[in-house]
file upload32.csv (CSV, C-alpha atoms)
chain,number,residue,atom,x,y,z
A,962,MET,CA,89.1,-100.2,79.7
A,963,SER,CA,86.8,-98.0,81.6
A,964,HIS,CA,85.4,-96.5,78.3
A,965,HIS,CA,83.7,-99.9,77.6
A,966,ILE,CA,82.1,-100.4,81.1
A,967,THR,CA,78.3,-100.7,81.1
A,968,GLU,CA,76.7,-99.5,84.3
A,969,VAL,CA,73.1,-99.4,85.4
A,970,LYS,CA,72.3,-97.5,88.6
A,971,ASN,CA,68.9,-97.8,90.4
A,972,LEU,CA,67.0,-98.0,87.1
A,973,LYS,CA,63.2,-97.8,87.1
A,974,TYR,CA,60.7,-97.8,84.3
A,975,SER,CA,56.9,-98.1,84.2
A,976,TYR,CA,54.8,-98.4,81.0
A,977,PRO,CA,51.7,-96.2,80.5
A,978,GLY,CA,49.0,-97.6,82.7
A,979,GLY,CA,51.3,-98.1,85.7
A,980,LYS,CA,52.9,-101.5,85.0
A,981,GLU,CA,56.4,-101.3,86.5
A,982,ALA,CA,58.6,-103.4,84.2
A,983,VAL,CA,62.0,-102.4,85.8
A,984,SER,CA,61.7,-101.8,89.5
A,985,ASP,CA,65.2,-101.0,90.9
A,986,ILE,CA,68.0,-102.5,88.9
A,987,SER,CA,71.7,-101.9,89.4
A,988,PHE,CA,74.7,-103.8,87.9
A,989,ARG,CA,78.1,-103.2,86.3
A,990,ILE,CA,79.5,-105.1,83.3
A,991,LEU,CA,83.2,-104.8,82.5
A,992,HIS,CA,84.9,-104.8,79.1
A,993,GLY,CA,85.0,-108.2,77.5
A,994,GLU,CA,82.4,-109.8,79.8
A,995,SER,CA,79.8,-112.1,78.2
A,996,VAL,CA,76.6,-111.7,80.3
A,997,GLY,CA,73.3,-113.5,80.0
A,998,ILE,CA,70.2,-111.7,81.3
A,999,ILE,CA,67.5,-114.3,81.9
A,1000,GLY,CA,64.0,-114.5,83.4
A,1001,ALA,CA,60.5,-115.5,82.8
A,1002,ASN,CA,58.2,-113.6,80.4
A,1003,GLY,CA,57.4,-110.2,81.8
A,1004,ALA,CA,60.5,-110.2,84.1
A,1005,GLY,CA,61.8,-107.0,82.4
A,1006,LYS,CA,64.5,-108.3,80.1
A,1007,SER,CA,63.5,-106.6,76.9
A,1008,THR,CA,62.6,-103.4,78.6
A,1009,LEU,CA,66.0,-103.4,80.3
A,1010,LEU,CA,67.8,-103.7,76.9
A,1011,LEU,CA,65.7,-100.8,75.4
A,1012,LEU,CA,66.8,-98.7,78.4
A,1013,LEU,CA,70.4,-99.6,77.8
A,1014,MET,CA,70.1,-98.5,74.2
A,1015,GLY,CA,68.3,-95.2,75.1
A,1016,ILE,CA,65.2,-96.2,73.2
A,1017,LEU,CA,63.3,-95.9,76.4
A,1018,THR,CA,64.0,-93.2,79.0
A,1019,PRO,CA,63.9,-94.3,82.7
A,1020,GLN,CA,61.7,-92.6,85.2
A,1021,SER,CA,64.6,-92.7,87.6
A,1022,GLY,CA,68.2,-94.0,87.8
A,1023,GLU,CA,70.8,-93.8,85.0
A,1024,VAL,CA,72.7,-95.8,82.4
A,1025,VAL,CA,76.4,-95.0,82.0
A,1026,ILE,CA,78.4,-96.4,79.0
A,1027,GLY,CA,82.1,-95.9,79.7
A,1028,GLU,CA,82.3,-92.7,81.6
A,1029,VAL,CA,79.4,-91.1,79.7
A,1030,LYS,CA,75.9,-90.8,81.3
A,1031,MET,CA,73.2,-91.6,78.7
A,1032,THR,CA,71.2,-88.4,77.9
A,1033,LYS,CA,69.4,-87.2,74.8
A,1034,LYS,CA,72.5,-85.3,73.9
A,1035,THR,CA,74.9,-88.3,74.4
A,1036,ILE,CA,72.8,-91.1,72.8
A,1037,PRO,CA,74.1,-90.6,69.2
A,1038,SER,CA,77.7,-91.0,70.3
A,1039,ILE,CA,76.9,-93.9,72.6
A,1040,ARG,CA,75.1,-95.8,69.8
A,1041,GLN,CA,78.3,-95.7,67.7
A,1042,ARG,CA,79.8,-98.0,70.3
A,1043,ILE,CA,76.9,-100.2,71.3
A,1044,GLY,CA,74.9,-102.3,68.8
A,1045,MET,CA,71.6,-104.1,69.5
A,1046,VAL,CA,70.0,-107.1,67.7
A,1047,PHE,CA,66.2,-106.7,68.3
A,1048,GLN,CA,63.9,-109.6,69.2
A,1049,ASP,CA,61.9,-108.9,66.0
A,1050,PRO,CA,64.3,-108.8,63.0
A,1051,ASN,CA,61.7,-106.9,60.9
A,1052,ASN,CA,62.6,-103.9,63.1
A,1053,GLN,CA,66.1,-103.8,61.6
A,1054,LEU,CA,65.4,-104.8,57.9
A,1055,PHE,CA,63.8,-102.0,55.9
A,1056,MET,CA,65.9,-101.6,52.7
A,1057,THR,CA,65.3,-103.2,49.3
A,1058,SER,CA,68.2,-105.7,49.7
A,1059,VAL,CA,70.0,-107.5,52.5
A,1060,TYR,CA,73.3,-105.9,51.3
A,1061,ASP,CA,71.8,-102.4,51.7
A,1062,ASP,CA,70.5,-103.2,55.1
A,1063,VAL,CA,73.9,-104.4,56.3
A,1064,ALA,CA,75.6,-101.4,54.7
A,1065,PHE,CA,73.1,-98.8,56.1
A,1066,GLY,CA,74.9,-98.3,59.4
A,1067,PRO,CA,78.5,-97.9,58.0
A,1068,ARG,CA,77.3,-95.7,55.2
A,1069,ASN,CA,75.5,-93.4,57.6
A,1070,SER,CA,78.7,-93.2,59.7
A,1071,GLY,CA,80.5,-91.6,56.8
A,1072,ILE,CA,82.7,-94.6,56.0
A,1073,GLY,CA,84.0,-94.9,52.4
A,1074,GLU,CA,82.3,-97.3,50.1
A,1075,ASP,CA,85.3,-99.6,49.7
A,1076,GLU,CA,85.4,-100.2,53.4
A,1077,VAL,CA,81.6,-100.5,53.6
A,1078,ALA,CA,81.8,-103.3,51.0
A,1079,GLN,CA,84.4,-105.1,53.0
A,1080,ARG,CA,82.4,-104.8,56.2
A,1081,VAL,CA,79.2,-106.1,54.6
A,1082,ALA,CA,81.0,-109.0,53.0
A,1083,HIS,CA,82.6,-110.0,56.3
A,1084,ALA,CA,79.4,-109.6,58.3
A,1085,LEU,CA,77.4,-111.7,55.9
A,1086,GLU,CA,80.1,-114.4,55.9
A,1087,GLN,CA,80.1,-114.4,59.7
A,1088,VAL,CA,76.4,-115.3,59.9
A,1089,GLY,CA,76.6,-117.6,56.8
A,1090,ILE,CA,74.3,-115.7,54.4
A,1091,GLU,CA,76.8,-114.2,52.0
A,1092,HIS,CA,74.7,-115.7,49.2
A,1093,LEU,CA,71.7,-113.6,50.2
A,1094,GLY,CA,73.1,-110.1,49.7
A,1095,ASP,CA,70.9,-109.3,46.7
A,1096,ARG,CA,67.8,-110.8,48.2
A,1097,ALA,CA,64.9,-108.6,49.4
A,1098,PRO,CA,64.4,-109.0,53.1
A,1099,TYR,CA,60.7,-109.8,52.8
A,1100,HIS,CA,61.7,-112.9,50.7
A,1101,LEU,CA,63.8,-114.3,53.5
A,1102,SER,CA,62.7,-117.1,55.9
A,1103,GLU,CA,62.5,-116.1,59.6
A,1104,GLY,CA,65.9,-117.7,60.3
A,1105,GLU,CA,67.5,-115.8,57.4
A,1106,LYS,CA,66.0,-112.6,58.6
A,1107,ARG,CA,67.4,-113.2,62.1
A,1108,ALA,CA,70.9,-113.8,60.6
A,1109,ALA,CA,70.6,-110.7,58.4
A,1110,SER,CA,69.6,-108.6,61.5
A,1111,ILE,CA,72.7,-109.8,63.3
A,1112,ALA,CA,74.8,-108.9,60.3
A,1113,THR,CA,73.5,-105.3,60.3
A,1114,VAL,CA,74.9,-104.9,63.8
A,1115,LEU,CA,78.2,-106.7,63.2
A,1116,SER,CA,78.9,-104.4,60.2
A,1117,MET,CA,79.1,-101.5,62.7
A,1118,GLN,CA,81.9,-103.3,64.6
A,1119,PRO,CA,80.5,-102.3,68.0
A,1120,ASP,CA,82.4,-102.4,71.3
A,1121,ILE,CA,79.3,-103.6,73.1
A,1122,LEU,CA,77.0,-106.2,71.5
A,1123,VAL,CA,73.4,-106.3,72.9
A,1124,MET,CA,71.1,-109.1,71.7
A,1125,ASP,CA,67.5,-109.9,72.5
A,1126,GLU,CA,66.6,-113.6,71.8
A,1127,PRO,CA,69.2,-113.9,69.1
A,1128,THR,CA,68.7,-117.7,68.4
A,1129,SER,CA,65.0,-117.4,67.9
A,1130,SER,CA,64.0,-119.0,64.6
A,1131,LEU,CA,67.5,-120.2,63.9
A,1132,ASP,CA,67.9,-123.8,62.6
A,1133,PRO,CA,70.4,-126.0,64.4
A,1134,GLN,CA,73.3,-125.3,62.0
A,1135,SER,CA,72.7,-121.5,62.1
A,1136,ARG,CA,72.4,-121.7,65.9
A,1137,ARG,CA,75.8,-123.5,66.1
A,1138,ARG,CA,77.3,-120.8,63.8
A,1139,PHE,CA,75.9,-118.1,66.1
A,1140,ILE,CA,77.4,-119.6,69.2
A,1141,LYS,CA,80.8,-119.8,67.6
A,1142,LEU,CA,80.5,-116.2,66.5
A,1143,ILE,CA,79.6,-115.0,70.0
A,1144,LYS,CA,82.5,-117.0,71.5
A,1145,GLU,CA,84.9,-115.3,69.0
A,1146,PHE,CA,83.6,-111.8,69.6
A,1147,LYS,CA,86.3,-110.1,71.7
A,1148,HIS,CA,84.3,-107.2,73.2
A,1149,THR,CA,81.4,-107.0,75.6
A,1150,ARG,CA,78.3,-109.2,75.0
A,1151,ILE,CA,74.9,-108.8,76.7
A,1152,ILE,CA,72.4,-111.5,75.8
A,1153,THR,CA,68.8,-112.1,76.8
A,1154,SER,CA,67.3,-115.4,75.9
A,1155,HIS,CA,65.0,-118.3,76.9
A,1156,ASP,CA,67.6,-120.6,75.2
A,1157,LEU,CA,69.5,-121.3,78.4
A,1158,ASP,CA,71.7,-123.9,76.8
A,1159,MET,CA,73.0,-121.2,74.4
A,1160,VAL,CA,73.4,-118.8,77.3
A,1161,TYR,CA,75.4,-121.4,79.2
A,1162,ASP,CA,77.6,-122.0,76.1
A,1163,THR,CA,78.3,-118.3,75.5
A,1164,CYS,CA,78.1,-116.4,78.8
A,1165,GLU,CA,80.4,-116.7,81.9
A,1166,ARG,CA,78.0,-114.5,84.0
A,1167,ILE,CA,74.3,-114.6,84.5
A,1168,ILE,CA,71.9,-111.9,85.8
A,1169,VAL,CA,68.5,-113.3,86.7
A,1170,LEU,CA,65.5,-110.9,86.7
A,1171,LYS,CA,62.2,-111.5,88.5
A,1172,ASP,CA,59.4,-109.0,88.6
A,1173,GLY,CA,61.7,-106.2,87.4
A,1174,LEU,CA,64.3,-106.8,90.1
A,1175,VAL,CA,67.7,-108.6,90.1
A,1176,ALA,CA,67.0,-112.0,91.8
A,1177,ALA,CA,70.6,-113.3,91.3
A,1178,ASP,CA,73.9,-112.3,89.7
A,1179,GLY,CA,76.8,-114.7,89.5
A,1180,ALA,CA,78.8,-117.2,87.6
A,1181,ALA,CA,76.9,-119.0,84.8
A,1182,LYS,CA,77.7,-122.5,86.1
A,1183,ASP,CA,76.5,-121.6,89.6
A,1184,ILE,CA,73.3,-119.8,88.5
A,1185,LEU,CA,72.2,-122.3,85.8
A,1186,SER,CA,72.7,-125.3,88.0
A,1187,ASP,CA,70.6,-123.9,90.9
A,1188,GLU,CA,67.3,-125.6,90.2
A,1189,LYS,CA,65.6,-124.0,93.2
A,1190,LEU,CA,66.5,-120.5,92.2
A,1191,LEU,CA,65.5,-121.0,88.6
A,1192,GLY,CA,62.2,-122.6,89.6
A,1193,GLU,CA,61.4,-119.6,91.9
A,1194,CYS,CA,62.1,-117.3,88.9
A,1195,GLY,CA,59.8,-119.3,86.5
A,1196,LEU,CA,62.8,-121.0,84.7
A,1197,GLU,CA,64.1,-124.6,84.3
A,1198,LEU,CA,67.6,-126.0,84.2
A,1199,PRO,CA,69.2,-126.0,80.7
A,1200,LEU,CA,68.6,-129.2,78.9
A,1201,SER,CA,72.3,-130.1,79.1
A,1202,MET,CA,72.0,-130.0,82.9
A,1203,GLN,CA,68.9,-132.1,83.1
A,1204,GLY,CA,69.4,-135.8,83.9
A,1205,CYS,CA,68.4,-138.4,81.3
A,1206,PRO,CA,65.3,-140.2,82.8
A,1207,LYS,CA,66.4,-143.5,81.3
A,1208,CYS,CA,70.0,-143.1,82.5
A,1209,ASP,CA,68.9,-142.1,86.0
A,1210,ALA,CA,66.5,-145.1,86.2
A,1211,ASP,CA,69.4,-147.4,85.3
A,1212,ILE,CA,71.7,-146.1,88.1
call {"tool": "encode", "arguments": {"input": "upload32.csv", "output": "structure tokens"}}
result
Amino acid sequence: MSHHITEVKNLKYSYPGGKEAVSDISFRILHGESVGIIGANGAGKSTLLLLLMGILTPQSGEVVIGEVKMTKKTIPSIRQRIGMVFQDPNNQLFMTSVYDDVAFGPRNSGIGEDEVAQRVAHALEQVGIEHLGDRAPYHLSEGEKRAASIATVLSMQPDILVMDEPTSSLDPQSRRRFIKLIKEFKHTRIITSHDLDMVYDTCERIIVLKDGLVAADGAAKDILSDEKLLGECGLELPLSMQGCPKCDADI
């Protein structure tokens, strides 16, 4: 399905003051792929996602979603197909109730209220907070806000799901529910996170960023088991791949 392909070509972006966050990045993500984008703090992960969403405009290079190059004119139509969960859930919760936040996107897309209600109910159930629909977002815990922000994106039924640190603040049960949800999502998933165990559980491909460049791109099992590569990029092996000191000592 070429209309779901996500392509980045020679992307560059510098913040005011000259700090180059994305130096020269290119990759192609096919429909249905689940891709983890990892790297140390400052590697360019969040900036890259903001460029993918058209929130930031690159100094050079281009983003192509499907066969459509991202421009100021095409951003509105592209955003109907790609949904992003931001690192800070407060950036997505601004209505007086969780229900209205989750309903905001579908309502503004002109969807009838009956279908809006069905989408909201399903999205809240998917993230396990169906009992919080009437709650004001500012009365939620950080984990509940995170779940609600994910629901606001799921209600739009995107073809491409982009998530920045989605398991941050989630308790173990909510984290397990999120992993199950991502595994069941049938379309494209692009996830940045320091939670490398979650990335290993949910992504079959990994792109490693270092200093705004792609340091490695390959199968998750190969990348996440490469201790030398991860160390050079300021990362460590996922906990599930680290040997137990006691067990190793007994061998």
call {"tool": "atom_distance", "arguments": {"input": "upload32.csv", "atom1": "atom CA of Val1025 of chain A", "atom2": "atom CA of Leu1009 of chain A"}}
result
13.5 Å
call {"tool": "atom_distance", "arguments": {"input": "upload32.csv", "atom1": "atom CA of Met1045 of chain A", "atom2": "atom CA of Ala1097 of chain A"}}
result
21.7 Å
call {"tool": "residues_around", "arguments": {"input": "upload32.csv", "residues": "Ile1140 of chain A", "least_positions_apart": "2", "cutoff": "8 Å", "atoms": "all atoms listed in the file", "output": "ChimeraX atom specification"}}
result
/A:1136-1138,1142-1144,1159,1162-1163
call {"tool": "residues_around", "arguments": {"input": "upload32.csv", "residues": "Gly1104 of chain A", "least_positions_apart": "6", "cutoff": "7 Å", "atoms": "only C-alpha atoms", "output": "JSON list (two decimals) with C-alpha atoms, keeping the file's coordinate frame"}}
result
[["chain", "number", "residue", "atom", "x", "y", "z"],
["A", 1130, "SER", "CA", 64.00, -119.00, 64.60],
["A", 1131, "LEU", "CA", 67.50, -120.20, 63.90],
["A", 1132, "ASP", "CA", 67.90, -123.80, 62.60]]
call {"tool": "residues_around", "arguments": {"input": "upload32.csv", "residues": "Asp1125 of chain A", "least_positions_apart": "2", "cutoff": "9 Å", "atoms": "all atoms listed in the file", "output": "PyMOL selection string"}}
result
chain A and resi 1006-1007+1010+1045-1049+1123+1127-1128+1151-1154
call {"tool": "atom_distance", "arguments": {"input": "upload32.csv", "atom1": "atom CA of Glu1188 of chain A", "atom2": "atom CA of Ser1201 of chain A"}}
result
13.0 Å
call {"tool": "closest_residue", "arguments": {"input": "upload32.csv", "among": "A:Glu1028, A:Asp1062, A:Glu1074, A:Asp1183", "to": "Ile1111 of chain A", "atoms": "only C-alpha atoms"}}
result
A:Asp1062
call {"tool": "closest_residue", "arguments": {"input": "upload32.csv", "among": "A:Tyr974, A:Pro1050, A:Glu1145, A:Thr1008", "to": "Glu1103 of chain A", "atoms": "only C-alpha atoms"}}
result
A:Pro1050
call {"tool": "residues_around", "arguments": {"input": "upload32.csv", "residues": "Cys1194 of chain A", "least_positions_apart": "3", "cutoff": "10 Å", "atoms": "all atoms listed in the file", "output": "number ranges by chain"}}
result
A: 999-1001, 1004, 1169-1172, 1176-1177, 1188-1191, 1197
call {"tool": "build_atoms", "arguments": {"input": "upload32.csv", "residues": "segment 1034-1049 of chain A", "atoms": "N, CA and C atoms", "output": "PDB file, keeping the file's coordinate frame"}}
result
ATOM      1  N   LYS A1034      71.400 -85.920  74.625  1.00  0.00           N
ATOM      2  CA  LYS A1034      72.500 -85.300  73.900  1.00  0.00           C
ATOM      3  C   LYS A1034      73.626 -86.361  73.612  1.00  0.00           C
ATOM      4  N   THR A1035      73.820 -87.333  74.526  1.00  0.00           N
ATOM      5  CA  THR A1035      74.900 -88.300  74.400  1.00  0.00           C
ATOM      6  C   THR A1035      74.523 -89.571  73.633  1.00  0.00           C
ATOM      7  N   ILE A1036      73.223 -89.805  73.461  1.00  0.00           N
ATOM      8  CA  ILE A1036      72.800 -91.100  72.800  1.00  0.00           C
ATOM      9  C   ILE A1036      73.426 -91.294  71.464  1.00  0.00           C
ATOM     10  N   PRO A1037      73.502 -90.299  70.550  1.00  0.00           N
ATOM     11  CA  PRO A1037      74.100 -90.600  69.200  1.00  0.00           C
ATOM     12  C   PRO A1037      75.534 -91.101  69.325  1.00  0.00           C
ATOM     13  N   SER A1038      76.359 -90.527  70.184  1.00  0.00           N
ATOM     14  CA  SER A1038      77.700 -91.000  70.300  1.00  0.00           C
ATOM     15  C   SER A1038      77.826 -92.360  70.956  1.00  0.00           C
ATOM     16  N   ILE A1039      76.954 -92.594  71.936  1.00  0.00           N
ATOM     17  CA  ILE A1039      76.900 -93.900  72.600  1.00  0.00           C
ATOM     18  C   ILE A1039      76.553 -94.988  71.642  1.00  0.00           C
ATOM     19  N   ARG A1040      75.591 -94.727  70.771  1.00  0.00           N
ATOM     20  CA  ARG A1040      75.100 -95.800  69.800  1.00  0.00           C
ATOM     21  C   ARG A1040      76.134 -96.105  68.765  1.00  0.00           C
ATOM     22  N   GLN A1041      77.190 -95.313  68.644  1.00  0.00           N
ATOM     23  CA  GLN A1041      78.300 -95.700  67.700  1.00  0.00           C
ATOM     24  C   GLN A1041      79.129 -96.794  68.341  1.00  0.00           C
ATOM     25  N   ARG A1042      78.996 -97.029  69.653  1.00  0.00           N
ATOM     26  CA  ARG A1042      79.800 -98.000  70.300  1.00  0.00           C
ATOM     27  C   ARG A1042      79.033 -99.230  70.815  1.00  0.00           C
ATOM     28  N   ILE A1043      77.707 -99.122  70.809  1.00  0.00           N
ATOM     29  CA  ILE A1043      76.900-100.200  71.300  1.00  0.00           C
ATOM     30  C   ILE A1043      75.845-100.562  70.237  1.00  0.00           C
ATOM     31  N   GLY A1044      75.779-101.846  69.879  1.00  0.00           N
ATOM     32  CA  GLY A1044      74.900-102.300  68.800  1.00  0.00           C
ATOM     33  C   GLY A1044      73.876-103.299  69.386  1.00  0.00           C
ATOM     34  N   MET A1045      72.613-103.204  68.944  1.00  0.00           N
ATOM     35  CA  MET A1045      71.600-104.100  69.500  1.00  0.00           C
ATOM     36  C   MET A1045      70.915-104.886  68.362  1.00  0.00           C
ATOM     37  N   VAL A1046      70.768-106.191  68.583  1.00  0.00           N
ATOM     38  CA  VAL A1046      70.000-107.100  67.700  1.00  0.00           C
ATOM     39  C   VAL A1046      68.611-107.212  68.394  1.00  0.00           C
ATOM     40  N   PHE A1047      67.561-106.703  67.746  1.00  0.00           N
ATOM     41  CA  PHE A1047      66.200-106.700  68.300  1.00  0.00           C
ATOM     42  C   PHE A1047      65.595-108.089  68.282  1.00  0.00           C
ATOM     43  N   GLN A1048      64.600-108.291  69.138  1.00  0.00           N
ATOM     44  CA  GLN A1048      63.900-109.600  69.200  1.00  0.00           C
ATOM     45  C   GLN A1048      63.176-109.840  67.856  1.00  0.00           C
ATOM     46  N   ASP A1049      62.608-108.805  67.254  1.00  0.00           N
ATOM     47  CA  ASP A1049      61.900-108.900  66.000  1.00  0.00           C
ATOM     48  C   ASP A1049      62.844-108.429  64.860  1.00  0.00           C
TER      49      ASP A1049
END
